[in-house]
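**Q** Before anything else, here's the structure in question.
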Amino acid sequence: MTDPTISAVIAVFAGFVLAGLLAVPYIAASYRRRGELGLWRVLLVFGFLVYAMSLWTYTLLPIPETTTAWCAEHAAGHLQLRPFQFVADIGREQTGTGIRAFLRNPAVQQAVFNVALFVPLGMFVRHLFRRGFAATVAIGFAVSLFIECTQLTGVWFLFECPYRLADVDDLLTNTLGAALGFGLAPLLRLLPGNEPSAPPGKPRPVTARRRLLGMAVDVVSVILLGTTVAILTTLLVGEPDTVVTALIGTLLPAMLLLFVIPVAGNGASFGQRVVLLRPAGPDGGKPALWRMAVRFLAGSGGYFTLLTLASAVNSGFEPLANLLFFVSGILAIRPQGHQGLSGLIAGLRVVDVRELDDVAEPSPVSVRARPGP
């Protein structure tokens, strides 16, 4: 593969990793600020993460072997402080006449690339972060300055010497690109889902996608918490045996996120809290303790319990765990109320947590009808 291809692959892979790490906080923030997630907005945010990783790979790659001999040979020429030097470079490298020859000029291509590289930054800053022109230009300048300083210092002195050129013209053209991106940002408004379908505080329908998203957050959160606890335990006291690993890496995180948090709160698991859902008992309120215990064992809690038994006792429990996982997902999609297997068994329905706010908030008519003192 060529170096640009390698950089692109690394940028996309790093974007996926960063998106995975930030997924749960982003989902929670989106539901609280916008009242919903929005598929196109998620794709746009993911595009921003990939773009940010692209800037990172462009700054660092390709990395030569910065040995002492290499540094001695390339000791000079890592800093260019003359503004608009690229204009002279264009004249020096021009080899023909006409627009086609001009566009083939390497100095022209480099200048155009430096402008185009920061156009997406200006668009993202204006559209996603709602910043004005001055702030967008300042952010573009600051990011470009950080890149140039990174290149000038050999990635902040991690390498023996700089291996990329720090150029004041890059600073100017990058900032120009951010300014142009600000002007082009309204094009992103053509994408659907830019504005929420209702005010953030208004309840939304309980959909299959929302239910599955909450279940996915539960599963991922249990795995991440369990992995973190297992690593810390190994670092502090050494590698535990299989039974202890299964308990602290699977069952205990599942009980915390899927049972303790619901019992201490409004009955919602960690994932349901992220997507603003909650289970409701027959009376519409917080479910009884026994119903939450049944829901835990018949849902994601049962899945992780079976995985724990599979790891600690007998691997024959793993097919049962997979079957429970599959059936729970299907029943979260098909029934109209999206109760899932655990909700059907425990006699619970799933509602938007903001329904409580609507019920608690008195209507203007009732306020006016209230008798005076």
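We label chains A, B, ... in the order they appear in the structure tokens, count residues from 1 in each chain, and number ligands from 1 in the order shown.
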For the interface of range 134-203 of chain A with range 107-129 of chain A (cut-off 6 Å, counting only C-alpha atoms), please tabulate each contacting residue of range 134-203 of chain A alongside its nearest pair of atoms and their separation in Å to one decimal, rows sorted by chain and increasing number, as JSON lines.

**A**
```
{"residue": "A:Thr136", "atom": "CA", "partner": "A:Gly122", "partner_atom": "CA", "distance": 6.0}
{"residue": "A:Thr173", "atom": "CA", "partner": "A:Val115", "partner_atom": "CA", "distance": 5.0}
{"residue": "A:Asn174", "atom": "CA", "partner": "A:Val115", "partner_atom": "CA", "distance": 5.1}
{"residue": "A:Gly177", "atom": "CA", "partner": "A:Val115", "partner_atom": "CA", "distance": 4.2}
{"residue": "A:Ala178", "atom": "CA", "partner": "A:Gly122", "partner_atom": "CA", "distance": 4.2}
{"residue": "A:Leu180", "atom": "CA", "partner": "A:Val119", "partner_atom": "CA", "distance": 6.0}
{"residue": "A:Gly181", "atom": "CA", "partner": "A:Val119", "partner_atom": "CA", "distance": 4.1}
{"residue": "A:Phe182", "atom": "CA", "partner": "A:Gly122", "partner_atom": "CA", "distance": 4.7}
{"residue": "A:Ala185", "atom": "CA", "partner": "A:Met123", "partner_atom": "CA", "distance": 4.2}
```

**Q** Mind checking DSSP for range 137-318 of chain A and telling me the alpha helix (DSSP H) residues as a count of residues only?

**A** 110

**Q** Sorted by chain and rising residue number, which residues of range 161-219 of chain A lie within 7 Å of range 142-148 of chain A, and what are their closest atom pairs and distances in Å to one decimal, counting only C-alpha atoms, as JSON lines?

**A**
```
{"residue": "A:Ala166", "atom": "CA", "partner": "A:Glu148", "partner_atom": "CA", "distance": 4.9}
{"residue": "A:Asp167", "atom": "CA", "partner": "A:Glu148", "partner_atom": "CA", "distance": 6.9}
{"residue": "A:Leu171", "atom": "CA", "partner": "A:Ser144", "partner_atom": "CA", "distance": 5.6}
{"residue": "A:Asn174", "atom": "CA", "partner": "A:Ser144", "partner_atom": "CA", "distance": 6.3}
```

**Q** Just checking: using only C-alpha atoms, which residue out of A:Ile223, A:Ala268, A:Val244, A:Leu232 ends up closest to Val353 in chain A?

**A** A:Ala268

**Q** Using only C-alpha atoms, pick whichever of A:Tyr303, A:Ala208, A:Trp290, A:Val222 has the shortest atom-to-atom distance to Arg334 in chain A.

**A** A:Ala208

**Q** Tell me, as a ChimeraX atom specification, which residues lie within 9 Å of Leu309 in chain A, counting only C-alpha atoms; anything in the same chain fewer than 5 positions away does not count.

**A** /A:243,246,304,314-318

**Q** One decimal, Å: what's the distance from CA of Arg210 in chain A over to CA of Gly299 in chain A, could you say?

**A** 16.3 Å

**Q** Please identify the strand (DSSP E or B) residues within range 101-348 of chain A (assignment by DSSP from backbone atoms) and present them as a ChimeraX atom specification.

**A** /A:166-167,277-280

**Q** If you keep N, CA and C atoms, can you produce a file of those selected residues as an mmCIF file, in the first residue's frame?

**A**
```cif
data_model
loop_
_atom_site.group_PDB
_atom_site.id
_atom_site.type_symbol
_atom_site.label_atom_id
_atom_site.label_comp_id
_atom_site.auth_asym_id
_atom_site.auth_seq_id
_atom_site.Cartn_x
_atom_site.Cartn_y
_atom_site.Cartn_z
ATOM 1 N N ALA A 166 7.877 22.444 9.162
ATOM 2 C CA ALA A 166 6.935 23.397 9.750
ATOM 3 C C ALA A 166 6.959 24.664 8.893
ATOM 4 N N ASP A 167 5.814 25.002 8.314
ATOM 5 C CA ASP A 167 5.772 26.046 7.285
ATOM 6 C C ASP A 167 4.706 27.068 7.649
ATOM 7 N N LEU A 277 -35.302 5.644 28.849
ATOM 8 C CA LEU A 277 -36.400 4.697 28.989
ATOM 9 C C LEU A 277 -36.447 4.189 30.421
ATOM 10 N N ARG A 278 -37.586 3.639 30.809
ATOM 11 C CA ARG A 278 -37.713 3.019 32.121
ATOM 12 C C ARG A 278 -38.801 1.955 32.058
ATOM 13 N N PRO A 279 -38.698 0.934 32.911
ATOM 14 C CA PRO A 279 -39.779 -0.041 32.985
ATOM 15 C C PRO A 279 -40.894 0.483 33.884
ATOM 16 N N ALA A 280 -42.110 0.125 33.582
ATOM 17 C CA ALA A 280 -43.267 0.541 34.388
ATOM 18 C C ALA A 280 -44.051 -0.697 34.803
#
```

**Q** My list of candidates is A:Leu323, A:Met215, A:Leu224, A:Leu60. Which is closest to Gly154 in chain A when distances are computed with only C-alpha atoms?

**A**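 Comparing A:Leu323, A:Met215, A:Leu224, A:Leu60 against Gly154 in chain A, the winner is A:Leu60.
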
**Q** Counting only C-alpha atoms, figure out which residue out of A:Pro203, A:Gly340, A:Pro282, A:Pro64 gets nearest to Glu160 in chain A.

**A**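 Ranking A:Pro203, A:Gly340, A:Pro282, A:Pro64 by distance to Glu160 in chain A, first place goes to A:Pro64.
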
**Q** For Glu65 in chain A, find every residue with an atom within 12 Å (counting only C-alpha atoms), except residues of its own chain fewer than 6 positions away, and show them as a PyMOL selection string.

**A** chain A and resi 71+74+159-163

**Q** With C-alpha atoms kept, could you save the residues just selected as a PDB file, in the first residue's frame?

**A**
```pdb
ATOM      1  CA  CYS A  71      19.083  13.506  11.785  1.00  0.00           C
ATOM      2  CA  HIS A  74      18.485  16.277   7.527  1.00  0.00           C
ATOM      3  CA  PHE A 159      11.817  11.654  18.173  1.00  0.00           C
ATOM      4  CA  GLU A 160      15.474  12.611  18.029  1.00  0.00           C
ATOM      5  CA  CYS A 161      14.815  15.345  15.482  1.00  0.00           C
ATOM      6  CA  PRO A 162      11.991  16.814  13.363  1.00  0.00           C
ATOM      7  CA  TYR A 163      11.119  14.813  10.266  1.00  0.00           C
TER       8      TYR A 163
END
```

**Q** Identify which of the residues A:Met292, A:Leu236, A:Ile261, A:Leu18 lies closest to Ser342 in chain A, counting only C-alpha atoms when measuring atom-to-atom distances.

**A**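 That would be A:Met292, the residue with the smallest distance to Ser342 in chain A.
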
**Q** What gap, in Å, lies between CA of Phe133 in chain A and CA of Gly183 in chain A?

**A**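 If I compute the distance from CA of Phe133 in chain A to CA of Gly183 in chain A, I get 8.7 Å.
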
**Q** Using Å and a single decimal, report how far CA of Thr68 in chain A sits from CA of Val155 in chain A.

**A**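 Rounded to one decimal, the two atoms are 16.5 Å apart.
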
**Q** From the options A:Trp56, A:Phe46, A:Phe86, A:Tyr31, which residue's atoms come nearest to Phe16 in chain A, counting only C-alpha atoms?

**A**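 Distance minimum relative to Phe16 in chain A lands on A:Phe46.
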
**Q** Find the residues around Gly214 in chain A up to 9 Å (only C-alpha atoms counted), leave out those fewer than 6 positions away in its own chain, and share them as a list in words.

**A**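 Contacts, with the query itself left out: Ser269, Phe270, Gly271, Gln272, Arg273, Val274, Val275, Leu276 and Leu277 of chain A.
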